[in-house]
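*Asks:* Once you've had a glance at the structure underneath, I'll fire off some questions.
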Amino acid sequence: MTTPNPAAPAARGSDRLARFWRGRTEDAPWARPAFLGLLAATGLLYLWNLSASGYANSFYSAAVQAGGESWKAFFFGSLDAANAITVDKPPAALWPMALSVRLFGLGSWQILVPEVLMGVASVGVLYAAVRRRFGAGAGLIAGLVLALTPVAALMFRFNNPDALLALLMTVAAYGVLRALEGGPGAVKWLMGAGVAFGFAFLAKTLQAFLILPPLALVYAVCAPGGLGRRIRDLALAGLALLVSAGWWVALVELWPASSRPYVGGSQNNSFLELTFGYNGLGRINGNETGSVGGGGGPGGGAGGGRWGETGIGRMFNDAVGGQISWLLPAALLLLVAGLVVTRRAPRTDTARSAFLVWGGALLITLAVFSFMAGIFHEYYTIALAPYVAALVGMGASVLWEERTRFAASAALAVTAAVTAWWAWTLLGRTPDWLPWLRWTVLVAGAVAALGLLVSGRVDRRLGLAAAGLGLAAGLAGPFAYTLATMDTGHQGSIVTAGPSGGRGPGGFGGRMPEGGQGGQMPGGFDGQGQGQGQRQGQGQGQSQGRMPGGTPPQGMPQGMPQGGFQGSRGERPGLGGGGGGGMGGLLNGANVGAEAKAALLKDAGSYTWVAATVGAQNAAGYQLATEKPVMAIGGFNGSDPSPALAQFKQYVAEGKVHYFIGSGEGNGGGPGGPGGNSEISTWVAATFEKATVGSATFYDLTKEK
């Protein structure tokens, strides 16, 4: 990735770019050691305290465990090794983790280390992409910004699909940039980008295609060669995308439904319906049939939705701002600056093309995230992190080279000042957490801005000192948030980065304070902490809260089950103990005690599924505790029509299921108990003997009343 650029552009554009391009064909001696040091530091940072998160999102960890046991479950992304139902995503993000578990056994590190490696790889690819046209210094800044973005530090240590998606989007942008350079290998790089898009689709469906339109448009307009050749190249890249994504989709759609697992998240057992419905347009317009709270449209009134306020300020609000927006204003300012500097360059200028590629990716993703009315979680914003980091690295480098011009030095100064002010604002949302940092950042940023304003008229060393101070001031806030993220474990379906209390409304969930102590959760959630903080399978720390009348806090959908809303802020490593996961088993897996585990393991080899229960998170807790298949009735939300009552009765008659674990206070079960799949729950309760095992309600399906 550090191979010198083969040649500078044939046409350099305006005179002001000549100085910028001079010397970019070779790196300074310090470049390679600095790059390797950045990768090593990123890896060590992300590995620190990694096991504190235990199984992280037990929903995906259960599927990883199943894939480590069964190649069929591996291929389809099944939640259990007996292949009852799949996760509600395609399986590509599960494959690296499942291979790790197959090789090294089930455990927290085996699941999460592949995610860390994706983070290190993302930093490396971004460095290569930026360094190629803007120098090693710009590449190092971009890589450092990405590594220290709080939401990136969170998700590159977590087992959701977003880590692989971010890596593949970075690879796709790099491939397009290499293709824009022209030459005999250009079409191969463009086709490689198509393959990256295809596998990104197999990680998180249509979100992978958000940046496809701007990247294709930039290539069509800015690539060397005639229009016919550019269109041909794009067609070949489209074919590569179709093949790399379509092979798996075709196999799933053509596979007889009777011999494969049900497609989780769909309402008619179709991956295409899942792709364009629940995981597609439903995320945009809020009509998500089968989602949490039903599919009744966006709701929430003007400017709002079931998943929080929408609008241009969404990325800067109390819930999302601390995750991603630290350098977002800087990225937007530097995007404008980069386009101004390159405005007179020829059509094929690769510097301007780079700003258009990264800027187009940022703007379209920013717009969709800001206005989407469907399911939205703060951690989705990791998708923005590589684009923000690239623009900061490139823009700062271009303006630094142009600093003798007052407009460029003023732009640098404004960027440093705005960044420091915005960090001061974000840090003010956690006034009791490192209060000294807020004012330190503001003062350092102001001093740096003054130094940068005159950087073109003073000694270069003074200018470099001002630039270094500005960079330090800009990164101090996100670095502190990143360290706070490393300091605690994160578990469950909804996780956020940064210190406790720094997430604002809608940012609850996924965090366990050090020592298992409770705290005040956003939106008035009262946390009561408990637990031991022990290792896997030995206990947990848990923080739960209850909203009066069952009303969910902002950021969770309206229309949730009444009678008490439980929110889990995450547990310490492991799934021991007793009691349910957060929000009735929807946010995190059930906590399985020794008595329940012993009951499930007794004669386990005689059954296809040692148990069945409503909701995938609830099932995941029991499956991870026993490493035996547990049927997740109704999928993630408990609302998928699988299995039908008749099919479940047949499974029971054939002796394939030992226990049914009932929903209710203390053992999770999700909203599917009295709601979706209630026929199965009702039939079981009326037909079979009930017993309390630990804190859970077990029905022995081999013993009728």
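Identifiers for the structure tokens are assigned positionally: chains receive A, B, ... in sequence, residues are indexed from 1 per chain, and ligands are indexed from 1 in the order shown.
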Would you mind listing what lies within 7 Å of region 43-59 of chain A as a PyMOL selection string, with only C-alpha atoms counted and same-chain residues fewer than 3 positions away left out?

*Replies:* chain A and resi 39-40+62-63+108-109+116+120+153+157-159+486-493+536+572-574+588-589+616-617+620-621

*Asks:* So which residues touch Val243 (chain A) within 10 Å, counting only C-alpha atoms, skipping near sequence neighbours fewer than 5 positions away, as a PyMOL selection string?

*Replies:* chain A and resi 194-195+198-199+237-238+248-250

*Asks:* Compile the contact shell of region 164-178 of chain A as a PDB file with N, CA, C and O atoms, in the first residue's frame: residues with an atom at most 8 Å away, counting only C-alpha atoms, same-chain residues fewer than 5 positions apart removed.

*Replies:*
```pdb
ATOM      1  N   ALA A  93     -20.934 -10.776   7.097  1.00  0.00           N
ATOM      2  CA  ALA A  93     -20.274 -10.243   8.288  1.00  0.00           C
ATOM      3  C   ALA A  93     -20.054 -11.312   9.349  1.00  0.00           C
ATOM      4  O   ALA A  93     -19.181 -11.162  10.211  1.00  0.00           O
ATOM      5  N   GLU A 115     -13.115  -8.465  14.210  1.00  0.00           N
ATOM      6  CA  GLU A 115     -13.618  -7.103  14.055  1.00  0.00           C
ATOM      7  C   GLU A 115     -12.492  -6.088  14.249  1.00  0.00           C
ATOM      8  O   GLU A 115     -12.419  -5.075  13.541  1.00  0.00           O
ATOM      9  N   MET A 118     -10.504  -5.874  11.182  1.00  0.00           N
ATOM     10  CA  MET A 118     -11.186  -5.056  10.171  1.00  0.00           C
ATOM     11  C   MET A 118     -10.924  -3.575  10.407  1.00  0.00           C
ATOM     12  O   MET A 118     -10.761  -2.802   9.457  1.00  0.00           O
ATOM     13  N   GLY A 119     -10.885  -3.175  11.676  1.00  0.00           N
ATOM     14  CA  GLY A 119     -10.581  -1.786  11.980  1.00  0.00           C
ATOM     15  C   GLY A 119      -9.183  -1.406  11.561  1.00  0.00           C
ATOM     16  O   GLY A 119      -8.964  -0.335  10.960  1.00  0.00           O
ATOM     17  N   ALA A 121      -7.397  -2.867   9.261  1.00  0.00           N
ATOM     18  CA  ALA A 121      -7.372  -2.877   7.796  1.00  0.00           C
ATOM     19  C   ALA A 121      -8.005  -1.614   7.224  1.00  0.00           C
ATOM     20  O   ALA A 121      -7.525  -1.065   6.219  1.00  0.00           O
ATOM     21  N   SER A 122      -9.085  -1.135   7.819  1.00  0.00           N
ATOM     22  CA  SER A 122      -9.734   0.087   7.336  1.00  0.00           C
ATOM     23  C   SER A 122      -8.793   1.275   7.434  1.00  0.00           C
ATOM     24  O   SER A 122      -8.714   2.108   6.516  1.00  0.00           O
ATOM     25  N   VAL A 125      -6.161   0.851   4.593  1.00  0.00           N
ATOM     26  CA  VAL A 125      -6.668   1.143   3.251  1.00  0.00           C
ATOM     27  C   VAL A 125      -6.908   2.643   3.085  1.00  0.00           C
ATOM     28  O   VAL A 125      -6.610   3.224   2.032  1.00  0.00           O
ATOM     29  N   LEU A 126      -7.445   3.281   4.123  1.00  0.00           N
ATOM     30  CA  LEU A 126      -7.686   4.726   4.037  1.00  0.00           C
ATOM     31  C   LEU A 126      -6.370   5.483   3.894  1.00  0.00           C
ATOM     32  O   LEU A 126      -6.266   6.431   3.098  1.00  0.00           O
ATOM     33  N   ALA A 128      -3.653   4.378   2.518  1.00  0.00           N
ATOM     34  CA  ALA A 128      -3.164   4.162   1.156  1.00  0.00           C
ATOM     35  C   ALA A 128      -3.901   5.036   0.152  1.00  0.00           C
ATOM     36  O   ALA A 128      -3.299   5.595  -0.768  1.00  0.00           O
ATOM     37  N   ALA A 129      -5.220   5.161   0.332  1.00  0.00           N
ATOM     38  CA  ALA A 129      -6.024   5.941  -0.599  1.00  0.00           C
ATOM     39  C   ALA A 129      -5.666   7.419  -0.554  1.00  0.00           C
ATOM     40  O   ALA A 129      -5.555   8.085  -1.591  1.00  0.00           O
ATOM     41  N   ALA A 186      -6.843   0.180 -15.047  1.00  0.00           N
ATOM     42  CA  ALA A 186      -7.923   0.959 -14.440  1.00  0.00           C
ATOM     43  C   ALA A 186      -9.213   0.162 -14.322  1.00  0.00           C
ATOM     44  O   ALA A 186      -9.885   0.186 -13.283  1.00  0.00           O
ATOM     45  N   TRP A 189      -9.246  -2.199 -11.382  1.00  0.00           N
ATOM     46  CA  TRP A 189      -9.503  -1.553 -10.100  1.00  0.00           C
ATOM     47  C   TRP A 189     -10.987  -1.220  -9.943  1.00  0.00           C
ATOM     48  O   TRP A 189     -11.551  -1.352  -8.850  1.00  0.00           O
ATOM     49  N   LEU A 190     -11.611  -0.788 -11.022  1.00  0.00           N
ATOM     50  CA  LEU A 190     -13.035  -0.461 -10.950  1.00  0.00           C
ATOM     51  C   LEU A 190     -13.866  -1.715 -10.708  1.00  0.00           C
ATOM     52  O   LEU A 190     -14.839  -1.691  -9.936  1.00  0.00           O
ATOM     53  N   GLY A 192     -12.749  -4.305  -9.153  1.00  0.00           N
ATOM     54  CA  GLY A 192     -12.494  -4.639  -7.752  1.00  0.00           C
ATOM     55  C   GLY A 192     -13.396  -3.860  -6.819  1.00  0.00           C
ATOM     56  O   GLY A 192     -13.882  -4.392  -5.804  1.00  0.00           O
ATOM     57  N   ALA A 193     -13.637  -2.582  -7.146  1.00  0.00           N
ATOM     58  CA  ALA A 193     -14.584  -1.795  -6.359  1.00  0.00           C
ATOM     59  C   ALA A 193     -15.977  -2.401  -6.438  1.00  0.00           C
ATOM     60  O   ALA A 193     -16.713  -2.431  -5.439  1.00  0.00           O
ATOM     61  N   GLY A 194     -16.347  -2.897  -7.616  1.00  0.00           N
ATOM     62  CA  GLY A 194     -17.644  -3.554  -7.752  1.00  0.00           C
ATOM     63  C   GLY A 194     -17.760  -4.789  -6.879  1.00  0.00           C
ATOM     64  O   GLY A 194     -18.813  -5.035  -6.269  1.00  0.00           O
ATOM     65  N   ALA A 196     -16.163  -5.234  -4.071  1.00  0.00           N
ATOM     66  CA  ALA A 196     -16.298  -4.747  -2.698  1.00  0.00           C
ATOM     67  C   ALA A 196     -17.734  -4.340  -2.408  1.00  0.00           C
ATOM     68  O   ALA A 196     -18.276  -4.642  -1.336  1.00  0.00           O
ATOM     69  N   PHE A 197     -18.376  -3.667  -3.348  1.00  0.00           N
ATOM     70  CA  PHE A 197     -19.782  -3.307  -3.181  1.00  0.00           C
ATOM     71  C   PHE A 197     -20.651  -4.554  -3.054  1.00  0.00           C
ATOM     72  O   PHE A 197     -21.595  -4.592  -2.252  1.00  0.00           O
ATOM     73  N   PHE A 199     -19.884  -7.612  -1.929  1.00  0.00           N
ATOM     74  CA  PHE A 199     -19.763  -8.271  -0.623  1.00  0.00           C
ATOM     75  C   PHE A 199     -20.271  -7.375   0.505  1.00  0.00           C
ATOM     76  O   PHE A 199     -20.727  -7.873   1.533  1.00  0.00           O
ATOM     77  N   ALA A 200     -20.199  -6.052   0.308  1.00  0.00           N
ATOM     78  CA  ALA A 200     -20.806  -5.152   1.290  1.00  0.00           C
ATOM     79  C   ALA A 200     -22.316  -5.347   1.323  1.00  0.00           C
ATOM     80  O   ALA A 200     -22.941  -5.279   2.389  1.00  0.00           O
ATOM     81  N   ALA A 203     -23.155  -8.035   3.452  1.00  0.00           N
ATOM     82  CA  ALA A 203     -22.973  -7.727   4.866  1.00  0.00           C
ATOM     83  C   ALA A 203     -24.175  -6.986   5.429  1.00  0.00           C
ATOM     84  O   ALA A 203     -24.660  -7.297   6.518  1.00  0.00           O
ATOM     85  N   LYS A 204     -24.690  -5.979   4.689  1.00  0.00           N
ATOM     86  CA  LYS A 204     -25.785  -5.162   5.222  1.00  0.00           C
ATOM     87  C   LYS A 204     -26.714  -4.656   4.128  1.00  0.00           C
ATOM     88  O   LYS A 204     -27.197  -3.529   4.179  1.00  0.00           O
ATOM     89  N   ALA A 208     -25.162  -0.770   1.547  1.00  0.00           N
ATOM     90  CA  ALA A 208     -23.911  -0.816   0.793  1.00  0.00           C
ATOM     91  C   ALA A 208     -23.970   0.032  -0.469  1.00  0.00           C
ATOM     92  O   ALA A 208     -22.926   0.459  -0.980  1.00  0.00           O
ATOM     93  N   LEU A 215     -20.134   7.749  -6.589  1.00  0.00           N
ATOM     94  CA  LEU A 215     -18.876   7.199  -7.086  1.00  0.00           C
ATOM     95  C   LEU A 215     -18.965   6.880  -8.569  1.00  0.00           C
ATOM     96  O   LEU A 215     -18.019   7.143  -9.331  1.00  0.00           O
ATOM     97  N   TYR A 219     -16.796   8.773 -11.651  1.00  0.00           N
ATOM     98  CA  TYR A 219     -16.017   8.047 -12.658  1.00  0.00           C
ATOM     99  C   TYR A 219     -16.507   8.379 -14.064  1.00  0.00           C
ATOM    100  O   TYR A 219     -15.696   8.576 -14.975  1.00  0.00           O
ATOM    101  N   THR A 350      -6.949  14.147 -10.654  1.00  0.00           N
ATOM    102  CA  THR A 350      -7.246  13.141  -9.633  1.00  0.00           C
ATOM    103  C   THR A 350      -7.392  13.718  -8.238  1.00  0.00           C
ATOM    104  O   THR A 350      -8.013  13.095  -7.375  1.00  0.00           O
ATOM    105  N   SER A 353     -10.961  14.778  -8.170  1.00  0.00           N
ATOM    106  CA  SER A 353     -11.772  13.562  -8.163  1.00  0.00           C
ATOM    107  C   SER A 353     -11.821  12.937  -6.779  1.00  0.00           C
ATOM    108  O   SER A 353     -12.862  12.418  -6.354  1.00  0.00           O
ATOM    109  N   ALA A 354     -10.693  12.997  -6.063  1.00  0.00           N
ATOM    110  CA  ALA A 354     -10.667  12.434  -4.713  1.00  0.00           C
ATOM    111  C   ALA A 354     -11.617  13.193  -3.792  1.00  0.00           C
ATOM    112  O   ALA A 354     -12.352  12.591  -2.993  1.00  0.00           O
ATOM    113  N   VAL A 357     -15.108  12.088  -4.721  1.00  0.00           N
ATOM    114  CA  VAL A 357     -15.432  10.728  -4.285  1.00  0.00           C
ATOM    115  C   VAL A 357     -15.752  10.699  -2.799  1.00  0.00           C
ATOM    116  O   VAL A 357     -16.816  10.242  -2.377  1.00  0.00           O
ATOM    117  N   TRP A 358     -14.830  11.200  -1.976  1.00  0.00           N
ATOM    118  CA  TRP A 358     -15.053  11.153  -0.529  1.00  0.00           C
ATOM    119  C   TRP A 358     -16.156  12.122  -0.106  1.00  0.00           C
ATOM    120  O   TRP A 358     -16.963  11.805   0.779  1.00  0.00           O
ATOM    121  N   ILE A 382     -20.914   4.912  11.962  1.00  0.00           N
ATOM    122  CA  ILE A 382     -19.563   4.476  11.606  1.00  0.00           C
ATOM    123  C   ILE A 382     -19.357   4.552  10.100  1.00  0.00           C
ATOM    124  O   ILE A 382     -18.231   4.731   9.620  1.00  0.00           O
ATOM    125  N   ALA A 383     -20.434   4.451   9.329  1.00  0.00           N
ATOM    126  CA  ALA A 383     -20.318   4.541   7.874  1.00  0.00           C
ATOM    127  C   ALA A 383     -19.746   5.881   7.435  1.00  0.00           C
ATOM    128  O   ALA A 383     -19.112   5.979   6.377  1.00  0.00           O
ATOM    129  N   PRO A 386     -14.935   6.889   7.707  1.00  0.00           N
ATOM    130  CA  PRO A 386     -13.845   6.953   6.724  1.00  0.00           C
ATOM    131  C   PRO A 386     -13.921   8.178   5.826  1.00  0.00           C
ATOM    132  O   PRO A 386     -12.885   8.731   5.445  1.00  0.00           O
TER     133      PRO A 386
END
```

*Asks:* From a DSSP pass on the backbone, collect the residues of region 602-677 of chain A flagged as alpha helix (DSSP H) and hand them back as a compact mmCIF listing (two decimals) with all heavy atoms, in the first residue's frame.

*Replies:*
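File written: selection-v8.txt
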```
# COMPACT_ATOMS: atom_id res chain seq x y z
N ALA A 616 -35.21 -13.85 19.20
CA ALA A 616 -33.88 -14.37 18.94
C ALA A 616 -32.88 -14.01 20.04
O ALA A 616 -32.00 -14.81 20.35
CB ALA A 616 -33.38 -13.84 17.59
N GLN A 617 -32.97 -12.82 20.62
CA GLN A 617 -32.03 -12.47 21.67
C GLN A 617 -32.21 -13.38 22.88
O GLN A 617 -31.25 -13.80 23.51
CB GLN A 617 -32.22 -11.00 22.09
CG GLN A 617 -31.66 -9.99 21.10
CD GLN A 617 -30.15 -9.86 21.20
OE1 GLN A 617 -29.45 -10.75 21.66
NE2 GLN A 617 -29.62 -8.73 20.74
N ASN A 618 -33.47 -13.66 23.22
CA ASN A 618 -33.72 -14.55 24.34
C ASN A 618 -33.15 -15.94 24.06
O ASN A 618 -32.48 -16.54 24.91
CB ASN A 618 -35.23 -14.64 24.59
CG ASN A 618 -35.56 -15.19 25.96
OD1 ASN A 618 -34.90 -14.90 26.94
ND2 ASN A 618 -36.62 -15.98 26.02
N ALA A 619 -33.39 -16.45 22.85
CA ALA A 619 -32.86 -17.75 22.47
C ALA A 619 -31.34 -17.75 22.47
O ALA A 619 -30.70 -18.73 22.85
CB ALA A 619 -33.38 -18.15 21.09
N ALA A 620 -30.75 -16.63 22.04
CA ALA A 620 -29.29 -16.55 21.94
C ALA A 620 -28.63 -16.74 23.30
O ALA A 620 -27.58 -17.40 23.40
CB ALA A 620 -28.88 -15.22 21.34
N GLY A 621 -29.21 -16.18 24.35
CA GLY A 621 -28.62 -16.34 25.67
C GLY A 621 -28.52 -17.79 26.08
O GLY A 621 -27.48 -18.24 26.59
N TYR A 622 -29.59 -18.55 25.86
CA TYR A 622 -29.57 -19.97 26.22
C TYR A 622 -28.65 -20.76 25.31
O TYR A 622 -27.97 -21.70 25.74
CB TYR A 622 -31.00 -20.52 26.15
CG TYR A 622 -31.90 -19.97 27.23
CD1 TYR A 622 -32.77 -18.93 26.96
CD2 TYR A 622 -31.86 -20.47 28.52
CE1 TYR A 622 -33.58 -18.40 27.95
CE2 TYR A 622 -32.66 -19.96 29.52
CZ TYR A 622 -33.52 -18.92 29.23
OH TYR A 622 -34.32 -18.39 30.22
N GLN A 623 -28.59 -20.39 24.04
CA GLN A 623 -27.73 -21.13 23.11
C GLN A 623 -26.25 -20.90 23.42
O GLN A 623 -25.45 -21.84 23.38
CB GLN A 623 -28.04 -20.70 21.68
CG GLN A 623 -27.22 -21.44 20.62
CD GLN A 623 -27.72 -21.18 19.22
OE1 GLN A 623 -28.90 -21.38 18.94
NE2 GLN A 623 -26.86 -20.74 18.33
N LEU A 624 -25.88 -19.67 23.72
CA LEU A 624 -24.48 -19.38 24.02
C LEU A 624 -24.05 -20.02 25.34
O LEU A 624 -22.89 -20.39 25.51
CB LEU A 624 -24.25 -17.88 24.07
CG LEU A 624 -24.35 -17.16 22.71
CD1 LEU A 624 -24.38 -15.65 22.90
CD2 LEU A 624 -23.20 -17.56 21.80
N ALA A 625 -24.99 -20.14 26.28
CA ALA A 625 -24.66 -20.77 27.55
C ALA A 625 -24.46 -22.27 27.42
O ALA A 625 -23.64 -22.87 28.12
CB ALA A 625 -25.76 -20.47 28.57
N THR A 626 -25.20 -22.91 26.51
CA THR A 626 -25.16 -24.37 26.37
C THR A 626 -24.38 -24.84 25.16
O THR A 626 -23.98 -26.00 25.10
CB THR A 626 -26.58 -24.92 26.29
OG1 THR A 626 -27.23 -24.39 25.12
CG2 THR A 626 -27.39 -24.55 27.52
N LEU A 645 -47.88 -22.61 13.82
CA LEU A 645 -48.30 -23.47 14.93
C LEU A 645 -48.30 -24.93 14.51
O LEU A 645 -47.83 -25.81 15.27
CB LEU A 645 -49.68 -23.05 15.42
CG LEU A 645 -50.30 -23.93 16.51
CD1 LEU A 645 -49.42 -23.95 17.76
CD2 LEU A 645 -51.71 -23.44 16.84
N ALA A 646 -48.80 -25.22 13.32
CA ALA A 646 -48.85 -26.61 12.86
C ALA A 646 -47.45 -27.21 12.75
O ALA A 646 -47.22 -28.36 13.12
CB ALA A 646 -49.58 -26.70 11.52
N GLN A 647 -46.51 -26.42 12.24
CA GLN A 647 -45.14 -26.91 12.10
C GLN A 647 -44.52 -27.15 13.47
O GLN A 647 -43.82 -28.15 13.68
CB GLN A 647 -44.30 -25.90 11.32
CG GLN A 647 -42.85 -26.31 11.12
CD GLN A 647 -42.70 -27.54 10.27
OE1 GLN A 647 -43.00 -27.51 9.08
NE2 GLN A 647 -42.25 -28.64 10.85
N PHE A 648 -44.77 -26.25 14.41
CA PHE A 648 -44.21 -26.42 15.75
C PHE A 648 -44.80 -27.66 16.43
O PHE A 648 -44.09 -28.41 17.10
CB PHE A 648 -44.47 -25.18 16.60
CG PHE A 648 -43.78 -25.20 17.92
CD1 PHE A 648 -42.42 -24.97 18.02
CD2 PHE A 648 -44.48 -25.47 19.09
CE1 PHE A 648 -41.76 -24.99 19.24
CE2 PHE A 648 -43.84 -25.51 20.32
CZ PHE A 648 -42.47 -25.26 20.39
N LYS A 649 -46.11 -27.87 16.24
CA LYS A 649 -46.73 -29.08 16.81
C LYS A 649 -46.08 -30.34 16.24
O LYS A 649 -45.87 -31.33 16.96
CB LYS A 649 -48.22 -29.08 16.51
CG LYS A 649 -49.05 -28.11 17.34
CD LYS A 649 -50.53 -28.23 17.01
CE LYS A 649 -51.38 -27.34 17.89
NZ LYS A 649 -52.83 -27.47 17.57
N GLN A 650 -45.73 -30.29 14.95
CA GLN A 650 -45.08 -31.45 14.33
C GLN A 650 -43.69 -31.68 14.92
O GLN A 650 -43.31 -32.83 15.20
CB GLN A 650 -44.97 -31.25 12.82
CG GLN A 650 -44.36 -32.45 12.09
CD GLN A 650 -44.33 -32.24 10.58
OE1 GLN A 650 -45.00 -31.37 10.04
NE2 GLN A 650 -43.53 -33.05 9.90
N TYR A 651 -42.95 -30.60 15.13
CA TYR A 651 -41.64 -30.74 15.76
C TYR A 651 -41.77 -31.39 17.14
O TYR A 651 -40.99 -32.27 17.51
CB TYR A 651 -40.98 -29.37 15.92
CG TYR A 651 -40.48 -28.73 14.65
CD1 TYR A 651 -40.52 -27.33 14.49
CD2 TYR A 651 -39.95 -29.47 13.62
CE1 TYR A 651 -40.06 -26.73 13.34
CE2 TYR A 651 -39.49 -28.88 12.45
CZ TYR A 651 -39.54 -27.51 12.32
OH TYR A 651 -39.09 -26.92 11.18
N VAL A 652 -42.76 -30.95 17.89
CA VAL A 652 -42.96 -31.49 19.24
C VAL A 652 -43.36 -32.96 19.16
O VAL A 652 -42.85 -33.80 19.92
CB VAL A 652 -44.02 -30.67 19.99
CG1 VAL A 652 -44.36 -31.32 21.32
CG2 VAL A 652 -43.52 -29.24 20.22
N ALA A 653 -44.26 -33.29 18.25
CA ALA A 653 -44.71 -34.68 18.11
C ALA A 653 -43.56 -35.60 17.72
O ALA A 653 -43.53 -36.78 18.12
CB ALA A 653 -45.83 -34.75 17.06
```

*Asks:* Quick one: pull the distance between CA of Ala331 (chain A) and CA of Leu427 (chain A), Å, one decimal.

*Replies:*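 Answer for the CA of Ala331 (chain A) to CA of Leu427 (chain A) separation: 19.2 Å.
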
*Asks:* At most 12 Å is the cut-off: for each residue in region 313-430 of chain A with any atom that close to an atom of region 468-474 of chain A, write down the nearest atom pair and the distance in Å rounded to one decimal, counting only C-alpha atoms, chain first then increasing number, as JSON lines.

*Replies:*
```
{"residue": "A:Ser325", "atom": "CA", "partner": "A:Gly474", "partner_atom": "CA", "distance": 11.3}
{"residue": "A:Trp326", "atom": "CA", "partner": "A:Gly474", "partner_atom": "CA", "distance": 7.6}
{"residue": "A:Leu327", "atom": "CA", "partner": "A:Gly474", "partner_atom": "CA", "distance": 7.2}
{"residue": "A:Leu328", "atom": "CA", "partner": "A:Gly474", "partner_atom": "CA", "distance": 10.9}
{"residue": "A:Pro329", "atom": "CA", "partner": "A:Gly474", "partner_atom": "CA", "distance": 11.1}
{"residue": "A:Ala330", "atom": "CA", "partner": "A:Gly474", "partner_atom": "CA", "distance": 9.2}
{"residue": "A:Ala331", "atom": "CA", "partner": "A:Gly474", "partner_atom": "CA", "distance": 11.7}
{"residue": "A:Val392", "atom": "CA", "partner": "A:Leu471", "partner_atom": "CA", "distance": 10.2}
{"residue": "A:Gly393", "atom": "CA", "partner": "A:Leu471", "partner_atom": "CA", "distance": 10.5}
{"residue": "A:Ala396", "atom": "CA", "partner": "A:Leu471", "partner_atom": "CA", "distance": 9.8}
{"residue": "A:Trp400", "atom": "CA", "partner": "A:Gly468", "partner_atom": "CA", "distance": 11.8}
{"residue": "A:Leu412", "atom": "CA", "partner": "A:Gly470", "partner_atom": "CA", "distance": 9.3}
{"residue": "A:Ala413", "atom": "CA", "partner": "A:Gly470", "partner_atom": "CA", "distance": 8.8}
{"residue": "A:Val414", "atom": "CA", "partner": "A:Gly470", "partner_atom": "CA", "distance": 10.8}
{"residue": "A:Thr415", "atom": "CA", "partner": "A:Gly470", "partner_atom": "CA", "distance": 9.2}
{"residue": "A:Ala416", "atom": "CA", "partner": "A:Gly470", "partner_atom": "CA", "distance": 5.8}
{"residue": "A:Ala417", "atom": "CA", "partner": "A:Gly470", "partner_atom": "CA", "distance": 8.4}
{"residue": "A:Val418", "atom": "CA", "partner": "A:Gly474", "partner_atom": "CA", "distance": 9.5}
{"residue": "A:Thr419", "atom": "CA", "partner": "A:Gly474", "partner_atom": "CA", "distance": 5.9}
{"residue": "A:Ala420", "atom": "CA", "partner": "A:Gly474", "partner_atom": "CA", "distance": 6.0}
{"residue": "A:Trp421", "atom": "CA", "partner": "A:Gly474", "partner_atom": "CA", "distance": 9.5}
{"residue": "A:Trp422", "atom": "CA", "partner": "A:Gly474", "partner_atom": "CA", "distance": 9.2}
{"residue": "A:Ala423", "atom": "CA", "partner": "A:Gly474", "partner_atom": "CA", "distance": 7.3}
{"residue": "A:Trp424", "atom": "CA", "partner": "A:Gly474", "partner_atom": "CA", "distance": 10.0}
{"residue": "A:Leu426", "atom": "CA", "partner": "A:Gly474", "partner_atom": "CA", "distance": 11.9}
```

*Asks:* Identify which of the residues A:Ile364, A:Met191, A:Val398, A:Leu242 lies closest to Gly137 (chain A), counting only C-alpha atoms when measuring atom-to-atom distances.

*Replies:*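 Closest residue, counting only C-alpha atoms: A:Val398.
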
*Asks:* If you measure from CA of Glu679 (chain A) to CA of Ser639 (chain A), what distance in Å do you get, rounded to one decimal?

*Replies:* 11.9 Å

*Asks:* Just the number, please: distance in Å from CA of Ala612 (chain A) to CA of Ala257 (chain A), one decimal.

*Replies:* 20.6 Å

*Asks:* Excluding Ala480 (chain A) and any residue of its chain fewer than 6 positions from it, enumerate the residues within 10 Å of it, using only C-alpha atoms, and give them as a PyMOL selection string.

*Replies:* chain A and resi 148+150+427+434+437+486+498-499

*Asks:* Excluding Ala599 (chain A) and its own-chain neighbours fewer than 5 positions away, which residues fall within 10 Å of it when counting only C-alpha atoms? Please give them as a ChimeraX atom specification.

*Replies:* /A:594,604,610,658-659,693,698

*Asks:* Residues as selected, N, CA and C atoms, written as a tab-separated table (two decimals), in the first residue's frame, can you do that?

*Replies:*
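Below is the file out-v1.tsv, written as the result:
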```tsv
chain	number	residue	atom	x	y	z
A	594	ALA	N	-27.19	-21.50	36.42
A	594	ALA	CA	-26.64	-22.86	36.40
A	594	ALA	C	-27.74	-23.91	36.35
A	604	ALA	N	-29.33	-33.69	26.07
A	604	ALA	CA	-29.38	-32.75	24.95
A	604	ALA	C	-29.18	-33.43	23.61
A	610	VAL	N	-32.65	-28.05	22.01
A	610	VAL	CA	-32.83	-28.30	23.44
A	610	VAL	C	-33.96	-27.46	24.00
A	658	HIS	N	-37.16	-30.10	23.27
A	658	HIS	CA	-37.31	-30.57	24.65
A	658	HIS	C	-38.14	-29.60	25.49
A	659	TYR	N	-37.73	-28.33	25.53
A	659	TYR	CA	-38.41	-27.36	26.39
A	659	TYR	C	-38.92	-26.18	25.59
A	693	VAL	N	-37.54	-22.96	36.64
A	693	VAL	CA	-36.16	-23.42	36.67
A	693	VAL	C	-35.28	-22.18	36.84
A	698	PHE	N	-40.10	-22.91	32.44
A	698	PHE	CA	-39.86	-23.97	31.47
A	698	PHE	C	-41.13	-24.81	31.31
```
